[in-house]
$ cat my_file_6.cif   # mmCIF, C-alpha atoms
data_input
loop_
_atom_site.label_atom_id
_atom_site.label_comp_id
_atom_site.auth_asym_id
_atom_site.auth_seq_id
_atom_site.Cartn_x
_atom_site.Cartn_y
_atom_site.Cartn_z
CA PRO A 1 132.46 92.11 110.84
CA TRP A 2 133.46 95.13 108.73
CA ILE A 3 136.83 95.24 110.52
CA LEU A 4 137.43 91.58 109.59
CA LEU A 5 136.45 92.30 105.99
CA SER A 6 138.86 95.24 105.90
CA ARG A 7 141.67 92.98 107.09
CA HIS A 8 140.71 90.45 104.44
CA LEU A 9 140.98 93.07 101.70
CA GLY A 10 144.31 94.27 103.08
CA ARG A 11 145.75 90.76 103.02
CA ALA A 12 144.47 90.23 99.49
CA LYS A 13 146.11 93.42 98.26
CA ARG A 14 149.49 92.56 99.81
CA ALA A 15 149.44 88.97 98.61
CA ARG A 16 148.41 89.43 95.01
CA ALA A 17 150.99 89.66 92.27
CA ALA A 18 150.90 92.91 90.32
CA VAL A 19 147.54 92.86 88.50
CA THR A 20 147.83 89.10 87.80
CA PRO A 21 144.54 87.68 86.48
CA ALA A 22 142.71 85.42 88.92
CA TRP A 23 142.77 82.45 86.55
CA HIS A 24 146.60 82.52 86.53
CA ARG A 25 146.68 81.95 90.28
CA ASP A 26 146.25 78.84 92.37
CA ASP A 27 144.61 80.51 95.36
CA ASP A 28 140.99 80.21 96.38
CA ALA A 29 139.99 83.49 94.76
CA GLY A 30 141.38 82.39 91.41
CA THR A 31 139.89 78.91 91.32
CA ALA A 32 136.48 80.20 92.38
CA MET A 33 136.13 82.38 89.31
CA SER A 34 134.89 81.34 85.89
CA PRO A 35 137.59 79.35 84.02
CA ARG A 36 139.78 80.83 81.34
CA PRO A 37 138.50 80.18 77.78
CA THR A 38 139.71 76.90 76.27
CA ALA A 39 141.88 76.68 73.17
CA ARG A 40 138.88 75.52 71.19
CA GLN A 41 136.78 78.47 72.33
CA ARG A 42 139.57 80.82 71.27
CA ALA A 43 139.90 79.09 67.91
CA ASP A 44 136.16 79.49 67.31
CA THR A 45 136.47 83.28 67.73
CA ARG A 46 139.60 83.89 65.61
CA SER A 47 137.54 85.09 62.67
CA ALA A 48 135.41 87.35 64.88
CA ARG A 49 136.49 90.44 66.80
CA ALA A 50 136.51 89.53 70.49
CA TRP A 51 137.89 92.79 71.84
CA GLN A 52 136.59 96.28 72.56
CA ARG A 53 138.55 99.41 71.72
CA MET A 54 138.27 102.03 74.46
CA LEU A 55 138.54 105.79 74.14
CA SER A 56 141.70 105.62 76.26
CA GLY A 57 143.31 103.71 73.39
CA ARG A 58 143.29 100.35 75.15
CA ARG A 59 141.91 97.18 73.58
CA LEU A 60 140.14 94.94 76.09
CA ASP A 61 139.91 91.23 75.31
CA LEU A 62 136.33 90.31 76.18
CA LEU A 63 137.06 86.59 76.57
CA ASP A 64 140.26 86.94 78.58
CA PRO A 65 140.32 90.47 80.03
CA ALA A 66 143.61 91.68 81.48
CA PRO A 67 143.65 94.13 84.41
CA LEU A 68 146.35 96.13 82.61
CA ASP A 69 143.83 97.03 79.90
CA ILE A 70 141.30 98.52 82.31
CA GLU A 71 141.13 102.27 82.99
CA ILE A 72 138.77 104.00 85.39
CA ALA A 73 138.17 106.77 82.83
CA ASP A 74 136.81 104.18 80.38
CA ILE A 75 134.61 102.65 83.09
CA ALA A 76 133.18 106.04 84.10
CA HIS A 77 132.57 107.07 80.49
CA GLY A 78 130.83 103.80 79.66
CA LEU A 79 128.69 103.45 82.79
CA ALA A 80 127.46 107.05 82.49
CA ARG A 81 126.04 106.14 79.07
CA VAL A 82 124.50 102.74 79.86
CA ALA A 83 120.81 103.00 80.75
CA ARG A 84 119.20 101.25 83.67
CA TRP A 85 115.79 99.64 83.07
CA ASN A 86 116.47 99.46 79.31
CA GLY A 87 115.97 103.22 79.22
CA GLN A 88 112.34 102.97 80.35
CA THR A 89 112.62 105.67 83.01
CA LYS A 90 111.12 109.10 83.53
CA GLY A 91 113.05 112.27 82.80
CA ALA A 92 114.89 114.02 80.02
CA HIS A 93 117.97 111.83 80.51
CA ILE A 94 118.58 108.14 81.11
CA PHE A 95 119.13 106.94 84.65
CA SER A 96 122.54 105.44 84.06
CA VAL A 97 124.41 102.57 85.65
CA ALA A 98 126.92 105.12 86.94
CA GLN A 99 124.14 106.92 88.83
CA HIS A 100 122.90 103.57 90.11
CA THR A 101 126.32 102.58 91.47
CA LEU A 102 126.63 105.95 93.21
CA LEU A 103 123.19 105.39 94.72
CA VAL A 104 124.06 101.86 95.89
CA GLU A 105 127.28 103.08 97.52
CA ALA A 106 125.33 105.85 99.28
CA MET A 107 122.69 103.33 100.42
CA ALA A 108 125.35 101.00 101.83
CA ARG A 109 127.04 103.92 103.59
CA ARG A 110 123.79 104.95 105.27
CA ARG A 111 123.02 101.38 106.35
CA HIS A 112 126.58 100.79 107.60
CA PRO A 113 128.03 104.18 108.69
CA ARG A 114 131.32 102.62 109.84
CA LEU A 115 131.90 100.84 106.54
CA ASP A 116 135.58 100.85 105.57
CA ARG A 117 136.46 102.95 102.52
CA SER A 118 138.09 100.03 100.72
CA LEU A 119 134.77 98.20 101.00
CA ARG A 120 132.97 101.26 99.67
CA LEU A 121 135.25 101.20 96.64
CA ALA A 122 134.21 97.60 95.94
CA ILE A 123 130.56 98.64 96.24
CA LEU A 124 131.02 101.56 93.83
CA LEU A 125 132.54 99.16 91.30
CA HIS A 126 129.98 96.38 91.78
CA ASP A 127 128.48 96.87 88.30
CA ALA A 128 131.68 98.07 86.60
CA ALA A 129 131.71 95.18 84.10
CA GLU A 130 128.64 96.73 82.50
CA TYR A 131 130.82 99.41 80.89
CA VAL A 132 131.64 96.63 78.40
CA ILE A 133 128.67 94.24 78.41
CA GLY A 134 125.86 96.69 79.15
CA ASP A 135 123.05 96.40 81.70
CA MET A 136 120.93 93.40 80.81
CA ILE A 137 117.66 93.31 82.77
CA SER A 138 117.25 90.33 85.09
CA PRO A 139 114.44 88.56 83.15
CA PHE A 140 116.60 88.46 80.01
CA LYS A 141 119.68 87.29 81.94
CA ALA A 142 117.65 84.25 83.01
CA VAL A 143 116.85 83.48 79.37
CA VAL A 144 120.44 83.93 78.14
CA GLY A 145 121.85 81.58 80.78
CA GLY A 146 125.37 81.01 82.07
CA GLY A 147 127.39 82.36 79.14
CA TYR A 148 126.62 85.98 79.99
CA LYS A 149 127.42 85.41 83.64
CA ALA A 150 130.77 83.78 82.84
CA VAL A 151 131.87 86.78 80.78
CA GLU A 152 130.63 89.16 83.49
CA LEU A 153 132.55 87.32 86.22
CA ARG A 154 135.81 87.36 84.26
CA LEU A 155 135.47 91.09 83.59
CA GLN A 156 134.58 91.87 87.20
CA ALA A 157 137.55 89.84 88.48
CA ALA A 158 139.92 91.75 86.21
CA ILE A 159 138.44 95.08 87.34
CA HIS A 160 138.87 94.15 90.99
CA LEU A 161 142.50 93.19 90.49
CA ARG A 162 143.21 96.39 88.58
CA PHE A 163 142.14 98.43 91.60
CA SER A 164 143.76 96.31 94.33
CA LEU A 165 140.62 94.43 95.36
CA PRO A 166 140.35 90.63 95.66
CA ALA A 167 139.11 88.94 92.49
CA GLN A 168 136.25 87.42 94.46
CA LEU A 169 134.79 89.54 97.24
CA PRO A 170 134.10 88.05 100.71
CA ALA A 171 130.62 86.53 101.05
CA ALA A 172 129.56 89.04 103.72
CA LEU A 173 130.43 91.96 101.47
CA GLN A 174 128.65 90.38 98.50
CA LYS A 175 125.55 90.03 100.68
CA ALA A 176 125.75 93.69 101.77
CA ILE A 177 126.11 94.81 98.14
CA LYS A 178 123.16 92.71 97.03
CA ARG A 179 120.87 94.16 99.68
CA ALA A 180 121.92 97.76 98.97
CA ASP A 181 121.41 97.02 95.27
CA GLN A 182 117.88 95.73 95.93
CA ILE A 183 117.01 98.78 98.02
CA ALA A 184 118.27 101.09 95.28
CA ALA A 185 116.30 99.11 92.68
CA TRP A 186 113.12 99.46 94.78
CA PHE A 187 113.44 103.24 94.88
CA GLU A 188 114.34 103.40 91.18
CA ALA A 189 111.40 101.15 90.26
CA ARG A 190 108.90 103.32 92.13
CA GLU A 191 110.28 106.76 91.33
CA LEU A 192 111.53 106.24 87.79
CA ALA A 193 110.38 102.99 86.15
CA GLY A 194 106.62 103.11 86.74
CA PHE A 195 106.32 100.32 89.31
CA GLY A 196 103.68 100.47 92.03
CA ASP A 197 104.56 99.81 95.67
CA ALA A 198 103.31 96.22 95.68
CA GLU A 199 105.04 95.29 92.43
CA ALA A 200 108.33 96.85 93.50
CA ALA A 201 108.15 95.03 96.85
CA LYS A 202 107.42 91.73 95.08
CA TYR A 203 110.59 91.84 93.01
CA PHE A 204 113.03 93.79 95.17
CA GLY A 205 111.72 93.58 98.74
CA ARG A 206 110.44 96.54 100.71
CA PRO A 207 113.23 98.58 102.38
CA ARG A 208 113.16 98.66 106.16
CA GLY A 209 114.64 101.38 108.30
CA ILE A 210 115.64 103.53 105.34
CA THR A 211 113.82 106.18 103.31
CA GLY A 212 114.59 107.82 100.01
CA GLU A 213 115.23 111.18 101.65
CA GLY A 214 118.62 112.59 100.72
CA PHE A 215 119.26 110.21 97.81
CA ASP A 216 119.66 111.58 94.30
CA LEU A 217 117.21 109.91 91.91
CA GLU A 218 117.07 112.69 89.32
CA PRO A 219 118.42 111.46 85.93
CA LYS A 220 121.31 113.68 84.86
CA PRO A 221 123.34 114.35 81.69
CA ALA A 222 125.97 111.71 80.97
CA LYS A 223 128.94 114.07 81.26
CA ALA A 224 127.85 115.29 84.70
CA VAL A 225 127.36 111.74 85.99
CA GLU A 226 130.71 110.65 84.53
CA SER A 227 132.43 113.46 86.45
CA GLN A 228 130.56 112.63 89.66
CA PHE A 229 131.49 108.94 89.40
CA LEU A 230 135.16 109.75 88.83
CA SER A 231 135.21 112.17 91.75
CA ARG A 232 133.74 109.59 94.10
CA PHE A 233 136.12 106.89 92.86
CA HIS A 234 139.20 109.05 93.36
CA ALA A 235 138.03 110.12 96.83
CA LEU A 236 137.59 106.52 97.94
CA GLU A 237 140.81 105.41 96.25
CA ALA A 238 142.83 108.11 97.99
CA ALA A 239 141.20 107.41 101.35
CA CYS A 240 141.98 103.70 101.28
CA GLY A 241 145.48 104.07 99.83
CA THR A 242 144.98 102.09 96.63
CA LYS A 243 145.85 104.81 94.13
CA GLN A 244 147.08 103.23 90.91
CA ALA A 245 149.90 104.59 88.82
CA ALA A 246 149.08 105.42 85.22
CA LEU A 247 149.96 102.49 82.98
CA PRO A 248 151.49 102.93 79.50
CA LEU A 249 149.42 101.91 76.53
CA PRO A 250 150.78 98.73 74.89
CA VAL A 251 151.62 98.73 71.20
CA ASN A 252 149.88 95.85 69.46
CA ALA A 253 151.25 93.56 66.75
CA GLN A 254 149.86 95.72 63.94
CA GLY A 255 151.69 98.76 65.21
CA GLY A 256 148.57 100.51 66.51
CA ARG A 257 147.40 101.01 70.05
#

$ encode --input "my_file_6.cif" --output "structure tokens"
Amino acid sequence: PWILLSRHLGRAKRARAAVTPAWHRDDDAGTAMSPRPTARQRADTRSARAWQRMLSGRRLDLLDPAPLDIEIADIAHGLARVARWNGQTKGAHIFSVAQHTLLVEAMARRRHPRLDRSLRLAILLHDAAEYVIGDMISPFKAVVGGGYKAVELRLQAAIHLRFSLPAQLPAALQKAIKRADQIAAWFEARELAGFGDAEAAKYFGRPRGITGEGFDLEPKPAKAVESQFLSRFHALEAACGTKQAALPLPVNAQGGR
């Protein structure tokens, strides 16, 4: 099945227009994603700032994110400074989303040793939208409802397109990511977040056929994790032949960047 998924990703990369947002396309991947904001929704936000300025100099529209405004350096910087578990973890440093994504990719690699590198790249980026919206714990996501999820889906689709991945990942890959994510969460819950075995198993399921041996669960300084995330991204990107050229920063209407 991983060979079929690899072919699927290859076809998606060849077929897509250059970093064209999914909602501008008529294919299945585009129509499956959350719809583009309506004119009324845009009008309601004119008086409010609906964009995020990044350290790269880019301004990312949160309601209608464009792949051209996404940089891996911004993602790595942000994820290395977003805390998992609302910061309620042991250690001198937070256990960041960047560390979590590295852990999930390592988990998936151990469970599926022949996993294609392009699929590993998708796994590494599975929580990339959180560099903008943060890591909201699951109980609060349920209270907030669909609005949060719609924004998350639009951001994730734009991130995928920026790095030559399909806007919507194949169902089999989504399932593999979810299980690796649950396994990582189980280890994090027990080792870092104060959960007992039974409680962790209740919410995340008990891992089978895999132990925590060899996985890095030690919270680290943000700068070190940022560097580690970037190194892993570039290794996977080079291995699967999806290296992106540097894009020029656009000059906005006010003359700034």

$ closest_residue --input "my_file_6.cif" --among "A:Lys202, A:His126, A:His112, A:Arg53" --to "A:Ala167" --atoms "all atoms listed in the file"
A:His126

$ closest_residue --input "my_file_6.cif" --among "A:Leu103, A:Val151, A:His234, A:Phe163" --to "A:Gly212" --atoms "only C-alpha atoms"
A:Leu103

$ closest_atom_pairs --input "my_file_6.cif" --of "stretch 131-220 of chain A" --to "stretch 87-93 of chain A" --cutoff "10 Å" --atoms "all atoms listed in the file" --output "JSON lines"
{"residue": "A:Glu188", "atom": "CA", "partner": "A:Thr89", "partner_atom": "CA", "distance": 8.7}
{"residue": "A:Ala189", "atom": "CA", "partner": "A:Thr89", "partner_atom": "CA", "distance": 8.6}
{"residue": "A:Glu191", "atom": "CA", "partner": "A:Lys90", "partner_atom": "CA", "distance": 8.2}
{"residue": "A:Leu192", "atom": "CA", "partner": "A:Thr89", "partner_atom": "CA", "distance": 4.9}
{"residue": "A:Ala193", "atom": "CA", "partner": "A:Thr89", "partner_atom": "CA", "distance": 4.7}
{"residue": "A:Gly194", "atom": "CA", "partner": "A:Thr89", "partner_atom": "CA", "distance": 7.5}
{"residue": "A:Glu218", "atom": "CA", "partner": "A:Gly91", "partner_atom": "CA", "distance": 7.7}
{"residue": "A:Pro219", "atom": "CA", "partner": "A:His93", "partner_atom": "CA", "distance": 5.5}
{"residue": "A:Lys220", "atom": "CA", "partner": "A:His93", "partner_atom": "CA", "distance": 5.8}

$ write_last_selection --input "my_file_6.cif" --atoms "C-alpha atoms" --output "short mmCIF file (atom, residue, chain, number, x, y, z; two decimals), in the frame of the given file"
data_model
loop_
_atom_site.label_atom_id
_atom_site.label_comp_id
_atom_site.auth_asym_id
_atom_site.auth_seq_id
_atom_site.Cartn_x
_atom_site.Cartn_y
_atom_site.Cartn_z
CA GLU A 188 114.34 103.40 91.18
CA ALA A 189 111.40 101.15 90.26
CA GLU A 191 110.28 106.76 91.33
CA LEU A 192 111.53 106.24 87.79
CA ALA A 193 110.38 102.99 86.15
CA GLY A 194 106.62 103.11 86.74
CA GLU A 218 117.07 112.69 89.32
CA PRO A 219 118.42 111.46 85.93
CA LYS A 220 121.31 113.68 84.86
#

$ resolve_selection --input "my_file_6.cif" --expression "the PyMOL selection byres ((chain A and resi 179) around 12)" --output "ChimeraX atom specification"
/A:104-105,107-108,111-112,123,172-178,180-186,204-208

$ resolve_selection --input "my_file_6.cif" --expression "the PyMOL selection byres ((chain A and resi 50) around 6)" --output "ChimeraX atom specification"
/A:49,51,62

$ resolve_selection --input "my_file_6.cif" --expression "the PyMOL selection byres ((chain A and resi 233) around 10)" --output "list in words"
Ile72, Ala76, Leu102, Arg120, Leu121, Ala122, Leu124, Leu125, Ser227, Gln228, Phe229, Leu230, Ser231, Arg232, His234, Ala235, Leu236, Glu237, Ala238 and Ala239 of chain A

$ closest_residue --input "my_file_6.cif" --among "A:Tyr131, A:Trp85, A:Tyr148, A:Phe95" --to "A:Leu60" --atoms "all atoms listed in the file"
A:Tyr131

$ atom_distance --input "my_file_6.cif" --atom1 "atom CA of A:His77" --atom2 "atom CA of A:Met54"
9.7 Å

$ build_atoms --input "my_file_6.cif" --residues "stretch 54-84 of chain A" --atoms "N, CA and C atoms" --output "PDB file, keeping the file's coordinate frame"
ATOM      1  N   MET A  54     138.729 100.996  73.534  1.00  0.00           N
ATOM      2  CA  MET A  54     138.270 102.030  74.460  1.00  0.00           C
ATOM      3  C   MET A  54     138.767 103.407  74.021  1.00  0.00           C
ATOM      4  N   LEU A  55     138.127 104.443  74.494  1.00  0.00           N
ATOM      5  CA  LEU A  55     138.540 105.790  74.140  1.00  0.00           C
ATOM      6  C   LEU A  55     139.922 106.129  74.695  1.00  0.00           C
ATOM      7  N   SER A  56     140.352 105.417  75.723  1.00  0.00           N
ATOM      8  CA  SER A  56     141.700 105.620  76.260  1.00  0.00           C
ATOM      9  C   SER A  56     142.765 105.122  75.303  1.00  0.00           C
ATOM     10  N   GLY A  57     142.358 104.313  74.322  1.00  0.00           N
ATOM     11  CA  GLY A  57     143.310 103.710  73.390  1.00  0.00           C
ATOM     12  C   GLY A  57     143.562 102.240  73.680  1.00  0.00           C
ATOM     13  N   ARG A  58     143.072 101.756  74.806  1.00  0.00           N
ATOM     14  CA  ARG A  58     143.290 100.350  75.150  1.00  0.00           C
ATOM     15  C   ARG A  58     142.320  99.449  74.384  1.00  0.00           C
ATOM     16  N   ARG A  59     142.769  98.192  74.184  1.00  0.00           N
ATOM     17  CA  ARG A  59     141.910  97.180  73.580  1.00  0.00           C
ATOM     18  C   ARG A  59     141.699  96.086  74.631  1.00  0.00           C
ATOM     19  N   LEU A  60     140.465  95.890  75.036  1.00  0.00           N
ATOM     20  CA  LEU A  60     140.140  94.940  76.090  1.00  0.00           C
ATOM     21  C   LEU A  60     139.630  93.645  75.482  1.00  0.00           C
ATOM     22  N   ASP A  61     140.328  92.556  75.750  1.00  0.00           N
ATOM     23  CA  ASP A  61     139.910  91.230  75.310  1.00  0.00           C
ATOM     24  C   ASP A  61     138.693  90.824  76.122  1.00  0.00           C
ATOM     25  N   LEU A  62     137.567  90.597  75.466  1.00  0.00           N
ATOM     26  CA  LEU A  62     136.330  90.310  76.180  1.00  0.00           C
ATOM     27  C   LEU A  62     136.312  88.892  76.746  1.00  0.00           C
ATOM     28  N   LEU A  63     137.057  87.975  76.118  1.00  0.00           N
ATOM     29  CA  LEU A  63     137.060  86.590  76.570  1.00  0.00           C
ATOM     30  C   LEU A  63     138.121  86.337  77.644  1.00  0.00           C
ATOM     31  N   ASP A  64     139.176  87.111  77.619  1.00  0.00           N
ATOM     32  CA  ASP A  64     140.260  86.940  78.580  1.00  0.00           C
ATOM     33  C   ASP A  64     140.778  88.313  78.998  1.00  0.00           C
ATOM     34  N   PRO A  65     139.962  89.086  79.710  1.00  0.00           N
ATOM     35  CA  PRO A  65     140.320  90.470  80.030  1.00  0.00           C
ATOM     36  C   PRO A  65     141.519  90.563  80.971  1.00  0.00           C
ATOM     37  N   ALA A  66     142.426  91.460  80.658  1.00  0.00           N
ATOM     38  CA  ALA A  66     143.610  91.680  81.480  1.00  0.00           C
ATOM     39  C   ALA A  66     143.443  92.952  82.300  1.00  0.00           C
ATOM     40  N   PRO A  67     143.759  92.921  83.581  1.00  0.00           N
ATOM     41  CA  PRO A  67     143.650  94.130  84.410  1.00  0.00           C
ATOM     42  C   PRO A  67     144.421  95.311  83.833  1.00  0.00           C
ATOM     43  N   LEU A  68     145.541  95.051  83.164  1.00  0.00           N
ATOM     44  CA  LEU A  68     146.350  96.130  82.610  1.00  0.00           C
ATOM     45  C   LEU A  68     145.616  96.932  81.533  1.00  0.00           C
ATOM     46  N   ASP A  69     144.566  96.351  80.961  1.00  0.00           N
ATOM     47  CA  ASP A  69     143.830  97.030  79.900  1.00  0.00           C
ATOM     48  C   ASP A  69     142.592  97.756  80.409  1.00  0.00           C
ATOM     49  N   ILE A  70     142.473  97.894  81.705  1.00  0.00           N
ATOM     50  CA  ILE A  70     141.300  98.520  82.310  1.00  0.00           C
ATOM     51  C   ILE A  70     141.676  99.883  82.881  1.00  0.00           C
ATOM     52  N   GLU A  71     140.910 100.904  82.511  1.00  0.00           N
ATOM     53  CA  GLU A  71     141.130 102.270  82.990  1.00  0.00           C
ATOM     54  C   GLU A  71     139.840 102.796  83.611  1.00  0.00           C
ATOM     55  N   ILE A  72     139.951 103.481  84.729  1.00  0.00           N
ATOM     56  CA  ILE A  72     138.770 104.000  85.390  1.00  0.00           C
ATOM     57  C   ILE A  72     138.061 105.043  84.534  1.00  0.00           C
ATOM     58  N   ALA A  73     138.802 105.780  83.704  1.00  0.00           N
ATOM     59  CA  ALA A  73     138.170 106.770  82.830  1.00  0.00           C
ATOM     60  C   ALA A  73     137.242 106.096  81.825  1.00  0.00           C
ATOM     61  N   ASP A  74     137.657 104.929  81.311  1.00  0.00           N
ATOM     62  CA  ASP A  74     136.810 104.180  80.380  1.00  0.00           C
ATOM     63  C   ASP A  74     135.567 103.651  81.083  1.00  0.00           C
ATOM     64  N   ILE A  75     135.744 103.164  82.313  1.00  0.00           N
ATOM     65  CA  ILE A  75     134.610 102.650  83.090  1.00  0.00           C
ATOM     66  C   ILE A  75     133.600 103.770  83.344  1.00  0.00           C
ATOM     67  N   ALA A  76     134.078 104.925  83.803  1.00  0.00           N
ATOM     68  CA  ALA A  76     133.180 106.040  84.100  1.00  0.00           C
ATOM     69  C   ALA A  76     132.450 106.513  82.849  1.00  0.00           C
ATOM     70  N   HIS A  77     133.181 106.624  81.741  1.00  0.00           N
ATOM     71  CA  HIS A  77     132.570 107.070  80.490  1.00  0.00           C
ATOM     72  C   HIS A  77     131.480 106.101  80.047  1.00  0.00           C
ATOM     73  N   GLY A  78     131.797 104.800  80.103  1.00  0.00           N
ATOM     74  CA  GLY A  78     130.830 103.800  79.660  1.00  0.00           C
ATOM     75  C   GLY A  78     129.612 103.711  80.557  1.00  0.00           C
ATOM     76  N   LEU A  79     129.818 103.622  81.872  1.00  0.00           N
ATOM     77  CA  LEU A  79     128.690 103.450  82.790  1.00  0.00           C
ATOM     78  C   LEU A  79     127.750 104.648  82.771  1.00  0.00           C
ATOM     79  N   ALA A  80     128.297 105.848  82.529  1.00  0.00           N
ATOM     80  CA  ALA A  80     127.460 107.050  82.490  1.00  0.00           C
ATOM     81  C   ALA A  80     126.562 107.084  81.255  1.00  0.00           C
ATOM     82  N   ARG A  81     126.810 106.173  80.313  1.00  0.00           N
ATOM     83  CA  ARG A  81     126.040 106.140  79.070  1.00  0.00           C
ATOM     84  C   ARG A  81     125.284 104.831  78.874  1.00  0.00           C
ATOM     85  N   VAL A  82     125.278 103.982  79.891  1.00  0.00           N
ATOM     86  CA  VAL A  82     124.500 102.740  79.860  1.00  0.00           C
ATOM     87  C   VAL A  82     123.243 102.956  80.692  1.00  0.00           C
ATOM     88  N   ALA A  83     122.079 102.727  80.088  1.00  0.00           N
ATOM     89  CA  ALA A  83     120.810 103.000  80.750  1.00  0.00           C
ATOM     90  C   ALA A  83     120.374 101.854  81.651  1.00  0.00           C
ATOM     91  N   ARG A  84     119.905 102.210  82.830  1.00  0.00           N
ATOM     92  CA  ARG A  84     119.200 101.250  83.670  1.00  0.00           C
ATOM     93  C   ARG A  84     117.790 101.057  83.120  1.00  0.00           C
TER      94      ARG A  84
END
